[in-house]
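As provided, upload_9.cif (mmCIF, C-alpha atoms) reads as follows.
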data_my_file
#
loop_
_atom_site.label_atom_id
_atom_site.label_comp_id
_atom_site.auth_asym_id
_atom_site.auth_seq_id
_atom_site.Cartn_x
_atom_site.Cartn_y
_atom_site.Cartn_z
CA MET X 1 1.41 -44.13 -88.36
CA SER X 2 1.68 -40.60 -86.94
CA THR X 3 1.16 -39.82 -83.28
CA VAL X 4 -0.87 -36.88 -81.96
CA ILE X 5 -1.31 -35.61 -78.43
CA LEU X 6 -4.59 -33.84 -77.69
CA LEU X 7 -4.38 -31.62 -74.61
CA GLU X 8 -8.01 -30.91 -73.78
CA ASP X 9 -9.78 -30.67 -70.43
CA ASP X 10 -13.32 -31.21 -71.76
CA PRO X 11 -13.86 -35.00 -71.80
CA GLY X 12 -16.54 -34.83 -74.50
CA ILE X 13 -14.36 -32.86 -76.89
CA SER X 14 -11.32 -34.98 -76.08
CA GLU X 15 -13.17 -38.24 -76.66
CA GLY X 16 -14.91 -37.14 -79.85
CA PHE X 17 -11.94 -35.57 -81.59
CA SER X 18 -9.53 -38.33 -80.55
CA MET X 19 -11.93 -40.92 -81.99
CA VAL X 20 -12.07 -39.02 -85.28
CA LEU X 21 -8.26 -38.86 -85.45
CA ARG X 22 -7.98 -42.58 -84.68
CA ASP X 23 -10.48 -43.30 -87.45
CA ASP X 24 -8.20 -41.28 -89.75
CA GLY X 25 -5.24 -43.52 -88.85
CA TYR X 26 -3.51 -41.60 -86.07
CA ASP X 27 -2.25 -42.89 -82.75
CA VAL X 28 -3.76 -40.46 -80.26
CA TYR X 29 -2.94 -39.73 -76.64
CA THR X 30 -5.24 -37.48 -74.66
CA ALA X 31 -4.53 -35.60 -71.48
CA ALA X 32 -6.40 -33.02 -69.43
CA THR X 33 -3.15 -31.49 -68.16
CA LEU X 34 0.37 -31.19 -69.48
CA GLN X 35 1.60 -33.22 -66.51
CA ASP X 36 -0.65 -36.13 -67.54
CA ALA X 37 0.62 -36.17 -71.14
CA PRO X 38 3.21 -38.73 -72.27
CA ASN X 39 6.80 -37.64 -72.80
CA GLY X 40 7.88 -35.87 -75.96
CA SER X 41 9.61 -38.59 -77.96
CA GLY X 42 7.93 -39.84 -81.12
CA ILE X 43 5.16 -37.23 -81.16
CA ASP X 44 4.28 -35.82 -84.58
CA CYS X 45 1.80 -33.12 -83.54
CA VAL X 46 0.37 -31.55 -80.39
CA VAL X 47 -3.16 -30.14 -80.44
CA THR X 48 -3.78 -28.03 -77.37
CA ASP X 49 -6.45 -25.97 -75.78
CA LEU X 50 -5.29 -23.07 -73.62
CA LEU X 51 -5.86 -25.21 -70.54
CA PRO X 52 -4.79 -22.83 -67.77
CA LEU X 53 -6.69 -19.81 -69.15
CA ARG X 54 -10.26 -18.98 -68.22
CA ARG X 55 -10.02 -15.72 -70.13
CA TYR X 56 -7.56 -14.84 -72.84
CA GLU X 57 -4.38 -12.96 -72.02
CA ARG X 58 -1.66 -13.01 -74.67
CA CYS X 59 1.26 -13.23 -72.21
CA ARG X 60 -0.30 -16.22 -70.39
CA ALA X 61 -1.21 -17.90 -73.70
CA SER X 62 2.38 -17.45 -74.90
CA ALA X 63 3.66 -18.91 -71.63
CA TRP X 64 1.39 -21.94 -72.09
CA VAL X 65 2.59 -22.51 -75.66
CA GLU X 66 6.21 -22.18 -74.48
CA ALA X 67 5.57 -24.76 -71.73
CA VAL X 68 4.06 -27.20 -74.22
CA ARG X 69 6.92 -26.62 -76.67
CA ALA X 70 9.45 -27.25 -73.91
CA CYS X 71 7.90 -30.71 -73.41
CA TYR X 72 7.72 -31.41 -77.15
CA PRO X 73 10.62 -29.54 -78.78
CA GLY X 74 10.44 -29.31 -82.56
CA THR X 75 6.92 -30.76 -82.62
CA PRO X 76 4.23 -28.83 -84.52
CA LEU X 77 1.60 -27.30 -82.27
CA ILE X 78 -2.01 -26.58 -83.19
CA LEU X 79 -3.93 -24.24 -80.94
CA PHE X 80 -7.52 -25.45 -80.43
CA SER X 81 -9.43 -22.84 -78.44
CA GLU X 82 -12.76 -21.16 -77.88
CA HIS X 83 -10.85 -17.90 -77.34
CA ARG X 84 -11.32 -16.31 -80.79
CA VAL X 85 -8.67 -13.69 -80.08
CA ALA X 86 -6.19 -16.49 -79.30
CA VAL X 87 -6.92 -18.10 -82.64
CA ASP X 88 -6.27 -14.75 -84.34
CA ASP X 89 -3.05 -14.39 -82.28
CA ALA X 90 -1.89 -17.96 -82.89
CA GLU X 91 1.24 -17.07 -84.82
CA ARG X 92 2.18 -14.35 -82.32
CA ILE X 93 1.97 -16.76 -79.41
CA GLY X 94 3.95 -19.45 -81.21
CA ALA X 95 1.41 -21.89 -82.67
CA ASP X 96 1.89 -23.43 -86.11
CA ALA X 97 -1.85 -23.46 -86.80
CA ALA X 98 -5.08 -22.67 -84.98
CA LEU X 99 -8.68 -23.82 -84.88
CA ALA X 100 -11.57 -22.10 -83.15
CA LYS X 101 -14.01 -24.12 -81.08
CA PRO X 102 -16.47 -25.25 -82.07
CA CYS X 103 -15.01 -26.34 -85.38
CA ASP X 104 -16.00 -28.63 -88.18
CA ILE X 105 -14.60 -32.15 -87.73
CA ASP X 106 -13.39 -32.26 -91.33
CA GLU X 107 -11.56 -28.96 -90.84
CA PHE X 108 -9.98 -30.33 -87.65
CA VAL X 109 -8.70 -33.50 -89.37
CA ALA X 110 -7.55 -31.55 -92.44
CA THR X 111 -5.53 -29.17 -90.24
CA VAL X 112 -3.87 -32.03 -88.36
CA ASP X 113 -3.18 -33.82 -91.67
CA ARG X 114 -1.66 -30.67 -93.16
CA VAL X 115 0.57 -29.94 -90.18
CA VAL X 116 1.78 -33.54 -89.87
CA HIS X 117 2.41 -33.72 -93.62
CA GLU X 118 4.31 -30.41 -93.64
CA ARG X 119 6.44 -31.62 -90.73
CA SER X 120 7.23 -34.93 -92.43
CA ARG X 121 8.33 -33.09 -95.59
CA GLY X 122 10.40 -30.56 -93.63
CA LEU X 123 8.15 -27.68 -94.64
CA LEU X 124 7.51 -26.49 -91.06
CA GLN X 125 10.29 -24.62 -89.36
CA PRO X 126 10.68 -25.86 -85.78
CA GLN X 127 9.61 -23.23 -83.28
CA PRO X 128 11.94 -22.65 -80.33
CA PRO X 129 10.72 -23.92 -76.95
#
In structure tokens, what does this structure look like?
Amino acid sequence: MSTVILLEDDPGISEGFSMVLRDDGYDVYTAATLQDAPNGSGIDCVVTDLLPLRRYERCRASAWVEAVRACYPGTPLILFSEHRVAVDDAERIGADAALAKPCDIDEFVATVDRVVHERSRGLLQPQPP
């Protein structure tokens, strides 16, 4: 069973999407802050909102992704944000994949499945922290 961390500060989104992932067979940990998230060992994927950003700024988004990667080195990271520009910039700021909020639940699960599968087959190159 693969393990996913969902970093999301909206309880409704966190609860709904974590339930969907659990139904799909994932172990899921949720946290509203990076400090509340479990340590990095045994994590197969991190799905994160841009928690500290109220408005999008590429340098601050990159800093957030770097902070998450430092906690979970070598772990694939999916950006899950309502900031459309951030989703377009996902690769530039260091994310392996991106989803815009709101998104289709099937698309969300398919993206997590793809990223976890690519990691397990060695198809994703680890991003530096």
- Message: Can you pull out the residues contacting Ala95 (chain X)? Cut-off 12 Å, using all atoms listed in the file, and skip same-chain residues under 6 positions away; I want them as an NGL selection string.
- Response: :X and (45-50 or 61-66 or 68-69 or 74-81 or 86-89 or 115 or 124-129)
- Task: Quick one: apply the PyMOL selection byres ((chain X and resi 41) around 12) to the file and drop the selected residues here as a ChimeraX atom specification.
- Result: /X:3-5,37-40,42-46,71-75
- Task: Would you mind telling me which residue in X:His117, X:Leu99, X:Met1, X:His83 lies nearest to Asp23 (chain X) when using all atoms listed in the file?
- Result: X:Met1
- Compare X:Asp24, X:Glu57, X:Glu91, X:Glu82 by their minimum atom-to-atom distance to Val109 (chain X), counting all atoms listed in the file, and give me the closest one. X:Asp24
- Message: Suppose a student applies the PyMOL selection byres ((chain X and resi 103) around 12) to this structure; what residues should they get, written as a PyMOL selection string?
- Response: chain X and resi 13+17+80-82+84+87+98-102+104-111
Output the selection as an mmCIF file, keeping the file's coordinate frame - C-alpha atoms for each residue.
data_model
loop_
_atom_site.group_PDB
_atom_site.id
_atom_site.type_symbol
_atom_site.label_atom_id
_atom_site.label_comp_id
_atom_site.auth_asym_id
_atom_site.auth_seq_id
_atom_site.Cartn_x
_atom_site.Cartn_y
_atom_site.Cartn_z
ATOM 1 C CA ILE X 13 -14.360 -32.860 -76.890
ATOM 2 C CA PHE X 17 -11.940 -35.570 -81.590
ATOM 3 C CA PHE X 80 -7.520 -25.450 -80.430
ATOM 4 C CA SER X 81 -9.430 -22.840 -78.440
ATOM 5 C CA GLU X 82 -12.760 -21.160 -77.880
ATOM 6 C CA ARG X 84 -11.320 -16.310 -80.790
ATOM 7 C CA VAL X 87 -6.920 -18.100 -82.640
ATOM 8 C CA ALA X 98 -5.080 -22.670 -84.980
ATOM 9 C CA LEU X 99 -8.680 -23.820 -84.880
ATOM 10 C CA ALA X 100 -11.570 -22.100 -83.150
ATOM 11 C CA LYS X 101 -14.010 -24.120 -81.080
ATOM 12 C CA PRO X 102 -16.470 -25.250 -82.070
ATOM 13 C CA ASP X 104 -16.000 -28.630 -88.180
ATOM 14 C CA ILE X 105 -14.600 -32.150 -87.730
ATOM 15 C CA ASP X 106 -13.390 -32.260 -91.330
ATOM 16 C CA GLU X 107 -11.560 -28.960 -90.840
ATOM 17 C CA PHE X 108 -9.980 -30.330 -87.650
ATOM 18 C CA VAL X 109 -8.700 -33.500 -89.370
ATOM 19 C CA ALA X 110 -7.550 -31.550 -92.440
ATOM 20 C CA THR X 111 -5.530 -29.170 -90.240
#
- Kindly give the distance, in Å, that separates CA of Arg114 (chain X) and CA of Thr33 (chain X), rounded to a single decimal. 25.1 Å
- Note on the structure: Of X:Ala90, X:Leu53, X:Gly12, X:Leu6, the one sitting nearest Ala31 (chain X) when using only C-alpha atoms is X:Leu6
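Between CA of Leu34 (chain X) and CA of Leu51 (chain X) the separation is 8.7 Å.
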- Quick one: of X:Val85, X:Ala32, X:Leu21, X:Ile93, who's nearest to Ala67 (chain X), counting only C-alpha atoms?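 Ranked by minimum distance to Ala67 (chain X), first place goes to X:Ile93.
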- Message: Would you compute the distance between CA of Ser2 (chain X) and CA of Arg22 (chain X)? Give it in Å to one decimal.
- Response: 10.1 Å
Just need the box for region 25-31 of chain X, edges along x, y and z, holding every atom the file lists for it with 6 Å tacked onto each side, so centre and edge lengths in Å to one decimal, as lines of an AutoDock Vina configuration file.
center_x = -3.7
center_y = -39.6
center_z = -80.2
size_x = 15.0
size_y = 19.9
size_z = 29.4
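Minimum distance to Thr30 (chain X) across X:Leu7, X:Ala97, X:Glu118, X:Tyr56 (counting only C-alpha atoms) occurs at X:Leu7.
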- Item | Pick from X:Arg92, X:Glu8, X:Ser120, X:Asp113, whichever lies nearest to Cys59 (chain X) using only C-alpha atoms | X:Arg92
